[in-house]
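Participant: Provided herewith: model25.txt, compact mmCIF, C-alpha atoms.
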```txt
# COMPACT_ATOMS: atom_id res chain seq x y z
CA MET A 1 104.29 277.33 159.47
CA THR A 2 106.72 280.03 158.35
CA LYS A 3 107.78 282.49 161.07
CA ARG A 4 108.31 286.10 160.04
CA LEU A 5 111.36 287.78 161.56
CA THR A 6 112.82 291.24 161.89
CA ILE A 7 116.52 291.31 162.73
CA MET A 8 117.79 294.49 164.38
CA GLY A 9 121.56 294.60 163.92
CA ALA A 10 121.78 292.17 161.01
CA THR A 11 125.39 292.89 160.05
CA GLY A 12 126.82 292.27 163.53
CA SER A 13 128.07 288.91 164.79
CA VAL A 14 124.73 287.92 166.36
CA GLY A 15 122.75 289.12 163.36
CA ARG A 16 124.90 287.14 160.93
CA SER A 17 124.68 284.05 163.13
CA ALA A 18 120.90 284.41 163.13
CA LEU A 19 120.84 284.61 159.34
CA SER A 20 122.98 281.47 159.19
CA VAL A 21 120.32 279.77 161.32
CA VAL A 22 117.63 281.04 158.93
CA ARG A 23 119.52 279.79 155.88
CA HIS A 24 120.14 276.31 157.28
CA ALA A 25 116.57 275.96 158.56
CA ASN A 26 115.10 277.00 155.21
CA ASP A 27 117.46 274.78 153.23
CA THR A 28 116.62 271.69 155.27
CA ALA A 29 112.86 272.18 155.73
CA ALA A 30 110.14 271.09 153.31
CA ASP A 31 108.59 274.56 153.62
CA PRO A 32 110.44 277.78 154.56
CA ALA A 33 110.91 277.91 158.32
CA PHE A 34 111.58 281.66 158.39
CA ALA A 35 110.91 284.73 156.24
CA ILE A 36 112.55 288.11 156.75
CA GLU A 37 110.38 291.19 157.21
CA ALA A 38 113.20 293.66 157.86
CA LEU A 39 116.94 293.85 158.42
CA THR A 40 118.74 296.80 160.01
CA ALA A 41 122.34 297.95 160.38
CA ASN A 42 124.14 300.92 161.87
CA THR A 43 126.66 302.00 159.20
CA ASP A 44 127.45 298.91 157.09
CA CYS A 45 125.39 299.91 154.06
CA GLU A 46 126.97 297.45 151.64
CA GLY A 47 126.69 294.55 154.08
CA LEU A 48 123.05 295.38 154.79
CA ALA A 49 122.13 295.60 151.11
CA THR A 50 123.84 292.30 150.34
CA LEU A 51 122.05 290.51 153.17
CA ALA A 52 118.68 292.07 152.35
CA ILE A 53 118.93 290.83 148.77
CA GLU A 54 120.24 287.39 149.74
CA TYR A 55 117.47 286.81 152.28
CA ASN A 56 114.70 288.52 150.30
CA ALA A 57 113.86 290.99 153.07
CA ARG A 58 110.92 293.32 152.55
CA ARG A 59 112.70 296.28 154.13
CA ALA A 60 116.26 297.35 154.93
CA VAL A 61 117.03 300.14 157.41
CA ILE A 62 120.37 301.89 157.82
CA ALA A 63 120.63 303.92 161.03
CA ASP A 64 122.94 306.50 159.45
CA PRO A 65 120.74 308.86 157.40
CA ALA A 66 123.76 309.95 155.36
CA GLN A 67 123.82 306.50 153.76
CA TYR A 68 120.16 306.40 152.73
CA ALA A 69 120.79 307.42 149.12
CA THR A 70 123.49 304.77 148.75
CA LEU A 71 121.26 302.07 150.23
CA LYS A 72 118.33 303.09 148.05
CA GLU A 73 120.47 302.95 144.93
CA ARG A 74 121.95 299.60 145.93
CA LEU A 75 118.44 298.14 146.38
CA SER A 76 117.00 299.72 143.24
CA GLY A 77 114.99 297.22 141.25
CA THR A 78 114.90 294.60 144.01
CA GLY A 79 111.51 295.52 145.47
CA ILE A 80 113.13 295.96 148.89
CA GLU A 81 112.15 299.20 150.64
CA ALA A 82 115.10 301.29 151.84
CA MET A 83 114.72 303.31 155.05
CA SER A 84 117.05 305.25 157.34
CA GLY A 85 117.35 306.93 160.72
CA SER A 86 116.53 306.12 164.34
CA ASP A 87 112.79 306.64 163.84
CA ALA A 88 112.83 304.10 161.01
CA LEU A 89 114.48 301.56 163.32
CA ALA A 90 111.60 301.95 165.76
CA ASP A 91 109.07 301.84 162.92
CA VAL A 92 110.23 298.48 161.56
CA ALA A 93 110.46 297.04 165.08
CA GLN A 94 106.72 297.69 165.36
CA LEU A 95 105.77 295.87 162.15
CA PRO A 96 103.78 292.71 163.00
CA VAL A 97 106.09 289.68 163.01
CA ASP A 98 106.46 286.44 164.94
CA ARG A 99 109.72 287.58 166.51
CA VAL A 100 112.04 290.58 166.56
CA LEU A 101 115.68 289.72 167.19
CA ALA A 102 117.11 292.62 169.22
CA ALA A 103 120.83 292.47 168.43
CA ILE A 104 121.84 296.14 168.23
CA VAL A 105 124.87 296.64 170.45
CA GLY A 106 124.60 298.87 173.51
CA ILE A 107 121.98 301.31 174.74
CA ALA A 108 121.40 302.20 171.07
CA GLY A 109 119.16 299.13 170.89
CA LEU A 110 116.77 300.23 173.64
CA LYS A 111 114.34 302.34 171.59
CA SER A 112 113.70 299.64 169.00
CA THR A 113 113.38 296.94 171.67
CA TYR A 114 110.85 299.09 173.51
CA ALA A 115 109.00 299.78 170.25
CA ALA A 116 108.76 296.07 169.43
CA LEU A 117 107.29 295.18 172.82
CA ALA A 118 104.97 298.19 172.78
CA ALA A 119 103.58 296.91 169.47
CA GLY A 120 103.03 293.44 170.93
CA ASN A 121 105.92 291.79 169.10
CA SER A 122 107.74 288.97 170.85
CA VAL A 123 111.43 289.82 171.25
CA ALA A 124 114.44 287.50 171.10
CA LEU A 125 116.67 289.61 173.34
CA ALA A 126 120.37 289.58 172.47
CA ASN A 127 120.81 293.22 173.49
CA LYS A 128 121.60 292.89 177.19
CA GLU A 129 122.07 296.64 177.66
CA SER A 130 118.35 297.24 177.07
CA MET A 131 117.46 294.99 179.98
CA VAL A 132 120.28 296.33 182.16
CA CYS A 133 119.07 299.91 181.72
CA ALA A 134 115.32 299.37 181.52
CA GLY A 135 114.61 295.90 182.90
CA PRO A 136 111.55 296.80 185.01
CA LEU A 137 110.11 298.94 182.21
CA LEU A 138 110.54 296.28 179.50
CA SER A 139 109.27 293.50 181.77
CA ALA A 140 106.13 295.49 182.59
CA LEU A 141 105.57 296.21 178.91
CA SER A 142 106.01 292.53 178.07
CA ARG A 143 103.39 291.52 180.64
CA LYS A 144 100.96 294.26 179.61
CA ASN A 145 101.03 293.41 175.90
CA GLY A 146 101.53 289.66 176.15
CA ALA A 147 104.77 290.01 174.17
CA ALA A 148 107.33 287.44 175.27
CA ILE A 149 110.95 288.36 175.97
CA VAL A 150 112.97 285.29 174.97
CA PRO A 151 116.54 285.42 176.35
CA THR A 152 119.06 284.95 173.54
CA ASP A 153 122.45 285.52 175.17
CA SER A 154 123.92 282.05 175.56
CA GLU A 155 123.92 282.21 179.36
CA HIS A 156 120.39 283.50 179.79
CA ASN A 157 119.03 281.24 177.09
CA ALA A 158 120.64 278.33 178.93
CA ILE A 159 118.82 279.29 182.13
CA PHE A 160 115.60 279.78 180.17
CA GLN A 161 115.88 276.26 178.76
CA VAL A 162 116.33 274.52 182.13
CA LEU A 163 114.22 276.80 184.35
CA GLU A 164 111.13 274.83 185.35
CA ARG A 165 109.42 276.19 188.46
CA PRO A 166 111.06 279.42 189.68
CA GLU A 167 109.58 278.89 193.14
CA ASP A 168 111.65 275.69 193.44
CA VAL A 169 114.93 277.34 192.48
CA GLU A 170 117.62 278.06 195.03
CA ARG A 171 120.23 279.71 192.79
CA LEU A 172 121.02 280.70 189.24
CA ILE A 173 124.62 280.10 188.18
CA LEU A 174 126.11 282.04 185.29
CA THR A 175 129.34 280.81 183.76
CA ALA A 176 132.13 283.03 182.44
CA SER A 177 134.88 281.97 180.06
CA GLY A 178 137.36 284.25 181.78
CA GLY A 179 138.35 285.88 178.51
CA PRO A 180 141.90 286.24 177.20
CA PHE A 181 143.43 287.59 180.43
CA LEU A 182 142.35 284.97 182.94
CA ALA A 183 145.97 283.98 183.62
CA THR A 184 147.56 287.37 182.89
CA PRO A 185 149.37 288.80 185.93
CA ARG A 186 147.48 291.71 187.43
CA THR A 187 150.51 293.97 187.05
CA LYS A 188 150.44 293.53 183.27
CA LEU A 189 146.74 294.25 182.70
CA ALA A 190 147.23 298.02 182.46
CA ASN A 191 149.38 297.61 179.36
CA VAL A 192 147.27 295.21 177.28
CA THR A 193 146.25 296.46 173.84
CA PRO A 194 142.79 296.60 172.25
CA ASP A 195 143.75 293.82 169.82
CA GLN A 196 144.83 291.61 172.71
CA ALA A 197 141.58 292.32 174.55
CA CYS A 198 139.55 291.44 171.45
CA ALA A 199 141.27 288.07 170.95
CA HIS A 200 138.73 285.89 172.77
CA PRO A 201 139.83 282.26 173.14
CA ASN A 202 136.39 280.69 172.56
CA TRP A 203 133.89 283.09 171.00
CA SER A 204 133.88 285.17 167.81
CA MET A 205 132.33 288.51 168.76
CA GLY A 206 132.43 292.22 168.00
CA ARG A 207 135.14 294.40 169.52
CA LYS A 208 133.00 296.03 172.20
CA ILE A 209 131.62 292.80 173.63
CA SER A 210 135.07 291.18 173.34
CA VAL A 211 136.55 293.90 175.55
CA ASP A 212 133.62 293.45 177.94
CA SER A 213 134.40 289.76 178.15
CA ALA A 214 138.08 290.46 178.83
CA SER A 215 137.21 292.82 181.70
CA PHE A 216 134.37 290.59 183.03
CA MET A 217 132.08 293.56 182.45
CA ASN A 218 130.05 291.44 180.05
CA LYS A 219 129.35 288.97 182.83
CA ALA A 220 128.59 291.82 185.22
CA LEU A 221 125.97 293.19 182.84
CA GLU A 222 124.63 289.65 182.37
CA LEU A 223 124.21 289.34 186.15
CA ILE A 224 122.05 292.48 186.13
CA GLU A 225 120.17 291.20 183.09
CA ALA A 226 119.53 287.84 184.77
CA SER A 227 118.21 289.55 187.89
CA TYR A 228 115.66 291.50 185.85
CA LEU A 229 114.81 288.74 183.35
CA PHE A 230 114.15 286.04 185.92
CA ASP A 231 113.19 288.25 188.89
CA PHE A 232 115.96 286.95 191.17
CA PRO A 233 117.92 289.06 193.68
CA GLU A 234 121.65 289.30 193.03
CA ALA A 235 122.36 287.36 196.24
CA ARG A 236 120.86 284.26 194.58
CA ILE A 237 122.87 284.56 191.37
CA ASP A 238 126.38 283.13 191.30
CA VAL A 239 129.12 283.55 188.70
CA LEU A 240 131.68 280.84 188.06
CA VAL A 241 134.64 280.94 185.69
CA HIS A 242 134.42 278.02 183.26
CA PRO A 243 137.20 278.40 180.68
CA GLN A 244 135.94 275.69 178.31
CA SER A 245 132.61 277.50 177.64
CA ILE A 246 130.75 274.18 177.36
CA ILE A 247 128.32 274.64 180.26
CA HIS A 248 126.57 277.93 179.52
CA SER A 249 124.62 278.29 182.77
CA LEU A 250 123.07 276.20 185.54
CA VAL A 251 119.96 276.27 187.73
CA ALA A 252 120.15 274.78 191.23
CA TYR A 253 116.89 273.50 192.76
CA ARG A 254 115.87 273.00 196.38
CA ASP A 255 115.74 269.21 196.00
CA GLY A 256 119.48 269.13 195.31
CA SER A 257 119.21 268.91 191.53
CA THR A 258 121.38 271.18 189.40
CA LEU A 259 120.40 271.39 185.74
CA ALA A 260 122.82 272.66 183.12
CA GLN A 261 122.63 273.43 179.42
CA LEU A 262 125.71 272.29 177.51
CA GLY A 263 126.87 272.92 173.97
CA THR A 264 129.78 274.01 171.83
CA PRO A 265 130.46 277.77 172.01
CA ASP A 266 128.41 278.84 169.00
CA MET A 267 125.72 281.52 169.15
CA GLN A 268 123.65 279.74 166.51
CA THR A 269 122.38 277.32 169.17
CA PRO A 270 120.75 279.85 171.55
CA ILE A 271 119.61 281.95 168.58
CA ALA A 272 117.88 278.97 166.98
CA HIS A 273 116.12 278.19 170.25
CA ALA A 274 115.07 281.80 170.78
CA LEU A 275 113.74 282.20 167.24
CA SER A 276 111.74 278.97 167.27
CA TRP A 277 110.47 278.94 170.89
CA PRO A 278 107.93 277.72 171.97
CA ASP A 279 107.62 275.54 168.88
CA ARG A 280 109.88 272.62 167.99
CA ARG A 281 113.59 273.28 167.97
CA THR A 282 115.15 274.47 164.72
CA ALA A 283 117.96 272.37 163.27
CA THR A 284 121.38 274.02 163.02
CA ASN A 285 124.69 273.04 161.49
CA VAL A 286 126.74 273.81 164.61
CA LYS A 287 129.44 271.38 165.67
CA ARG A 288 127.89 268.77 167.93
CA LEU A 289 129.16 268.35 171.46
CA ASN A 290 131.17 265.15 171.93
CA LEU A 291 131.82 264.56 175.61
CA LEU A 292 134.51 262.01 174.78
CA ASP A 293 136.54 264.78 173.15
CA ILE A 294 136.46 266.97 176.25
CA SER A 295 139.40 266.34 178.54
CA GLN A 296 137.96 268.29 181.46
CA LEU A 297 135.36 270.77 182.60
CA SER A 298 136.92 273.09 185.15
CA PHE A 299 135.56 275.88 187.33
CA GLN A 300 136.99 278.59 189.55
CA ALA A 301 135.82 281.61 191.48
CA VAL A 302 135.97 285.10 190.01
CA ASP A 303 138.99 287.07 191.24
CA ASP A 304 137.25 290.29 192.33
CA GLU A 305 140.56 292.03 192.95
CA ARG A 306 141.75 291.57 189.36
CA PHE A 307 138.30 291.83 187.78
CA PRO A 308 136.00 293.95 190.01
CA ALA A 309 133.13 294.13 187.50
CA ILE A 310 130.97 291.46 189.18
CA ARG A 311 131.25 293.22 192.54
CA LEU A 312 130.27 296.50 190.89
CA ALA A 313 127.20 294.91 189.27
CA ARG A 314 126.00 293.65 192.64
CA GLN A 315 126.53 297.13 194.06
CA ALA A 316 124.53 298.67 191.20
CA LEU A 317 121.61 296.26 191.67
CA ASN A 318 121.46 297.02 195.37
CA VAL A 319 121.44 300.80 194.76
CA GLY A 320 118.66 300.78 192.17
CA PRO A 321 117.83 301.18 188.47
CA SER A 322 119.70 304.46 188.01
CA ALA A 323 122.93 302.78 189.11
CA SER A 324 122.48 300.05 186.48
CA ILE A 325 122.02 302.75 183.84
CA MET A 326 125.13 304.52 185.07
CA MET A 327 127.15 301.31 185.09
CA ASN A 328 126.24 300.55 181.51
CA CYS A 329 126.89 304.03 180.13
CA ALA A 330 130.18 304.32 182.05
CA ASN A 331 131.31 301.03 180.58
CA GLU A 332 130.29 302.02 177.03
CA VAL A 333 132.17 305.31 177.31
CA ALA A 334 135.25 303.69 178.86
CA VAL A 335 135.40 300.83 176.35
CA ALA A 336 135.11 303.27 173.45
CA ALA A 337 137.95 305.30 174.97
CA PHE A 338 140.08 302.18 175.42
CA LEU A 339 139.52 301.05 171.84
CA ALA A 340 140.46 304.56 170.69
CA GLY A 341 143.67 304.50 172.73
CA GLN A 342 142.44 307.15 175.15
CA CYS A 343 142.66 305.10 178.35
CA ARG A 344 144.14 301.89 179.69
CA PHE A 345 142.35 298.57 179.98
CA THR A 346 142.33 298.78 183.77
CA ASP A 347 140.80 302.25 183.59
CA ILE A 348 137.53 300.71 182.38
CA SER A 349 136.57 299.28 185.76
CA SER A 350 137.99 302.33 187.52
CA VAL A 351 135.73 304.64 185.50
CA VAL A 352 132.71 302.44 186.20
CA GLU A 353 133.43 302.35 189.92
CA GLU A 354 133.94 306.10 190.10
CA ALA A 355 130.79 306.68 188.05
CA LEU A 356 128.73 304.61 190.47
CA GLY A 357 129.76 307.02 193.19
CA LEU A 358 128.38 310.05 191.37
CA ASP A 359 125.17 311.65 192.63
CA ILE A 360 123.32 310.70 189.45
CA ALA A 361 123.60 307.03 190.43
CA GLN A 362 121.80 307.59 193.71
CA THR A 363 118.58 309.21 192.49
CA THR A 364 116.13 306.36 193.02
CA GLY A 365 115.37 303.38 195.21
CA SER A 366 115.30 299.83 193.88
CA GLY A 367 111.51 299.78 193.56
CA GLU A 368 111.10 302.81 191.31
CA GLU A 369 110.39 302.25 187.62
CA PHE A 370 111.62 304.71 184.99
CA SER A 371 109.93 305.70 181.77
CA LEU A 372 111.78 305.38 178.48
CA SER A 373 112.50 309.11 178.45
CA ASP A 374 113.84 308.87 182.03
CA VAL A 375 116.26 306.12 181.01
CA ILE A 376 117.46 308.05 177.96
CA ALA A 377 117.93 311.25 179.97
CA LEU A 378 119.90 309.49 182.70
CA ASP A 379 122.04 307.75 180.09
CA GLN A 380 122.84 311.04 178.35
CA GLU A 381 123.69 312.78 181.60
CA GLY A 382 125.79 309.81 182.66
CA ARG A 383 127.75 309.83 179.42
CA HIS A 384 128.54 313.51 179.86
CA ARG A 385 129.84 312.88 183.36
CA CYS A 386 131.83 309.82 182.27
CA HIS A 387 133.54 311.71 179.46
CA GLU A 388 134.65 314.15 182.14
CA LEU A 389 136.03 311.23 184.16
CA ILE A 390 138.02 310.02 181.13
CA GLU A 391 139.41 313.52 180.58
CA GLY A 392 140.40 313.62 184.24
CA LEU A 393 142.25 310.33 183.90
CA ASN A 394 144.13 311.61 180.87
CA ALA A 395 145.02 314.84 182.65
CA ARG A 396 146.41 312.90 185.62
CA SER A 397 148.40 310.63 183.29
CA ARG A 398 149.91 313.62 181.51
CA SER A 399 150.81 315.23 184.85
CA GLU A 400 152.46 312.04 186.11
CA ALA A 401 154.46 311.72 182.88
CA GLN A 402 155.96 315.21 183.28
```
Would you give me this structure, written as structure tokens?
Facilitator:
Amino acid sequence: MTKRLTIMGATGSVGRSALSVVRHANDTAADPAFAIEALTANTDCEGLATLAIEYNARRAVIADPAQYATLKERLSGTGIEAMSGSDALADVAQLPVDRVLAAIVGIAGLKSTYAALAAGNSVALANKESMVCAGPLLSALSRKNGAAIVPTDSEHNAIFQVLERPEDVERLILTASGGPFLATPRTKLANVTPDQACAHPNWSMGRKISVDSASFMNKALELIEASYLFDFPEARIDVLVHPQSIIHSLVAYRDGSTLAQLGTPDMQTPIAHALSWPDRRTATNVKRLNLLDISQLSFQAVDDERFPAIRLARQALNVGPSASIMMNCANEVAVAAFLAGQCRFTDISSVVEEALGLDIAQTTGSGEEFSLSDVIALDQEGRHRCHELIEGLNARSRSEAQ
């Protein structure tokens, strides 16, 4: 039976990997495995139009309204409906499909993820920031509407695959590649460049998530996401550095068993599982894992002094939902500033830590659930305060240079 999909963020690395899964599955199946209802993109109008035509999507949505006329002209005569704007993103997320792939980067993906679940659409969640900022809200919505949230990040999908009876689980264990600076002396981290931070040794990703991986902030956000997704306290979630990126996560059970999901570092594998679950697994063309080719699988503890992000995530979870929102928005603001040359790499974690100390991060206890408008308001206020923190850093740097 053909599954209908909507892919939010189709021109990004996850979106393109998902479309590769769709292409291979359709090419190798007797009947089409997947059909595309809608594809969306932020600003890549040409990329979106090309993909919409190639995959015979019914609709294509560009978030930037200024590009609507260009998209409409590009799709003229194809029968594909062109749409634009943030409201259109939410509208297509609500169209009835078998699964919505939420792959818009950052808090920008929250509204469409919420809209999909509110409409009863099952969501393949590759947008960790939505769960970090609104985990209790999205989980409640999922339960209310019977709309599954299928983890699609490689680490959370790995846990999802090997998680049997949560009541029998002792610990969840997330693995981290360590990024490009695992062996870089701490004294040299302040001077690394954006291009160096984006040069991940194992994964091909967008620039924002590549910087997050280099700072361990990606793993910190994944710890928060795992806590909300699987309803585990942070004290029962471990993080291990695993440079080979072969074991994607592990689940330790009370009988002494530890189950792991292994695979080559390719997002097509977790995406294929998330798009096809709970049905049979979809075939992919990813490189198969050959254990004889692997010289070793090594592990080490996270160095919290060099990479404090994991410690900050645990702090945020223990404070409450507003702190998780603040952590995410502080990181987004700081990473954007770093990529624009407005702050140093080491300033990212400093901004996040300082932001967690602001009054806005202390406004609720861990049991309080926010509405969507609450989350958006806190995020906007947090961004304003974090821009002030960045300006303060720059002012101090200029003063020290004089």
Participant: I need the residue nearest A:Val319 from this list: A:Leu117, A:Leu356, A:Ile159, A:Cys198. Use only C-alpha atoms for the distance.
Facilitator: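 Comparing A:Leu117, A:Leu356, A:Ile159, A:Cys198 against A:Val319, the winner is A:Leu356.
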Participant: Near stretch 83-85 of chain A, within 12 Å and counting only C-alpha atoms, which residues show up once chain neighbours fewer than 3 positions away are dropped, as an MDAnalysis selection string?
Facilitator: chainID A and resid 38:43 45 48:49 58:73 75 80 88:92 112
Participant: May I ask which of the residues A:Val22, A:Ala337, A:Ala309, A:Ala226 is the closest one to A:Phe160, counting all atoms listed in the file?
Facilitator: A:Ala226
Participant: So which residues are close to (138.2, 271.9, 178.6), meaning at most 12 Å away in the file's coordinates with only C-alpha atoms counted, and can you show them as a short mmCIF file (atom, residue, chain, number, x, y, z; two decimals) with C-alpha atoms, in the frame of the given file?
Facilitator:
```
data_model
loop_
_atom_site.label_atom_id
_atom_site.label_comp_id
_atom_site.auth_asym_id
_atom_site.auth_seq_id
_atom_site.Cartn_x
_atom_site.Cartn_y
_atom_site.Cartn_z
CA SER A 177 134.88 281.97 180.06
CA PRO A 201 139.83 282.26 173.14
CA ASN A 202 136.39 280.69 172.56
CA HIS A 242 134.42 278.02 183.26
CA PRO A 243 137.20 278.40 180.68
CA GLN A 244 135.94 275.69 178.31
CA SER A 245 132.61 277.50 177.64
CA ILE A 246 130.75 274.18 177.36
CA ILE A 247 128.32 274.64 180.26
CA THR A 264 129.78 274.01 171.83
CA PRO A 265 130.46 277.77 172.01
CA ASN A 290 131.17 265.15 171.93
CA LEU A 291 131.82 264.56 175.61
CA LEU A 292 134.51 262.01 174.78
CA ASP A 293 136.54 264.78 173.15
CA ILE A 294 136.46 266.97 176.25
CA SER A 295 139.40 266.34 178.54
CA GLN A 296 137.96 268.29 181.46
CA LEU A 297 135.36 270.77 182.60
CA SER A 298 136.92 273.09 185.15
CA PHE A 299 135.56 275.88 187.33
#
```
Participant: For the point (124.5, 281.8, 190.9) in the file's frame, write as an NGL selection string all residues with an atom no more than 10 Å away, counting only C-alpha atoms.
Facilitator: :A and (170-175 or 223 or 226 or 232 or 234-240 or 249-252)
Participant: Which residue gives the smallest distance to A:Leu110 among A:Asn394, A:Gln268, A:Ser373, A:Thr2, with all atoms listed in the file counted?
Facilitator: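 Smallest distance to A:Leu110 is found for A:Ser373.
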Participant: At what distance in Å, to one decimal, does atom CA of A:Ser139 lie from atom CA of A:His248?
Facilitator: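 Calculated distance between atom CA of A:His248 and atom CA of A:Ser139 is 23.4 Å.
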Participant: Using all atoms listed in the file for the distances, tell me which of A:Ile104, A:Ile348, A:Ile7, A:Met131 is nearest to A:Ala190.
Facilitator: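 Smallest distance to A:Ala190 is found for A:Ile348.
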Participant: Near A:Leu101, within 6 Å and counting all atoms listed in the file, which residues show up once chain neighbours fewer than 6 positions away are dropped, as a list in words?
Facilitator: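 Close residues of A:Leu101: Ile7, Met8, Val123 and Ala124 of chain A.
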Participant: Name the residues in contact with A:Ala103 at a cut-off of 6 Å, using only C-alpha atoms, excluding same-chain residues fewer than 5 positions from it; report them as a PyMOL selection string.
Facilitator: chain A and resi 8-9+126-127
Participant: Determine the nearest neighbour of A:Ile325 from the options A:Ser130, A:Thr184, A:Gln161, A:Thr346, counting all atoms listed in the file.
Facilitator: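 Going through A:Ser130, A:Thr184, A:Gln161, A:Thr346 one by one, the smallest distance to A:Ile325 is for A:Ser130.
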Participant: Point out the residue among A:Leu221, A:Ile390, A:Val14, A:Leu137 with the least atom-to-atom distance to A:Ser204, counting all atoms listed in the file.
Facilitator: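 With all atoms listed in the file as the atom set, the closest residue is A:Val14.
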Participant: Mind checking which residues fall within 10 Å of A:Arg306, counting all atoms listed in the file, ignoring those fewer than 2 positions away in the same chain, and posting them as a compact mmCIF listing (two decimals) with C-alpha atoms, in the frame of the given file?
Facilitator:
```txt
# COMPACT_ATOMS: atom_id res chain seq x y z
CA PHE A 181 143.43 287.59 180.43
CA LEU A 182 142.35 284.97 182.94
CA THR A 184 147.56 287.37 182.89
CA PRO A 185 149.37 288.80 185.93
CA ARG A 186 147.48 291.71 187.43
CA THR A 187 150.51 293.97 187.05
CA LEU A 189 146.74 294.25 182.70
CA SER A 215 137.21 292.82 181.70
CA PHE A 216 134.37 290.59 183.03
CA VAL A 302 135.97 285.10 190.01
CA ASP A 303 138.99 287.07 191.24
CA ASP A 304 137.25 290.29 192.33
CA PRO A 308 136.00 293.95 190.01
CA ALA A 309 133.13 294.13 187.50
CA THR A 346 142.33 298.78 183.77
CA SER A 349 136.57 299.28 185.76
```
Participant: For A:Asn285, list every protein, DNA or RNA residue within 10 Å, evaluated using all atoms listed in the file, and leave out those in the same chain fewer than 4 positions away; present the list as a ChimeraX atom specification.
Facilitator: /A:20-21,24-25,268-269
Participant: Work out how far apart atom CA of A:Glu388 and atom CA of A:Val105 are and give it in Å to one decimal.
Facilitator: 23.2 Å
Participant: Report, in Å with one decimal, the straight-line distance from atom CA of A:Phe370 to atom CA of A:Ala108.
Facilitator: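 That distance, rounded to one decimal, is 17.2 Å.
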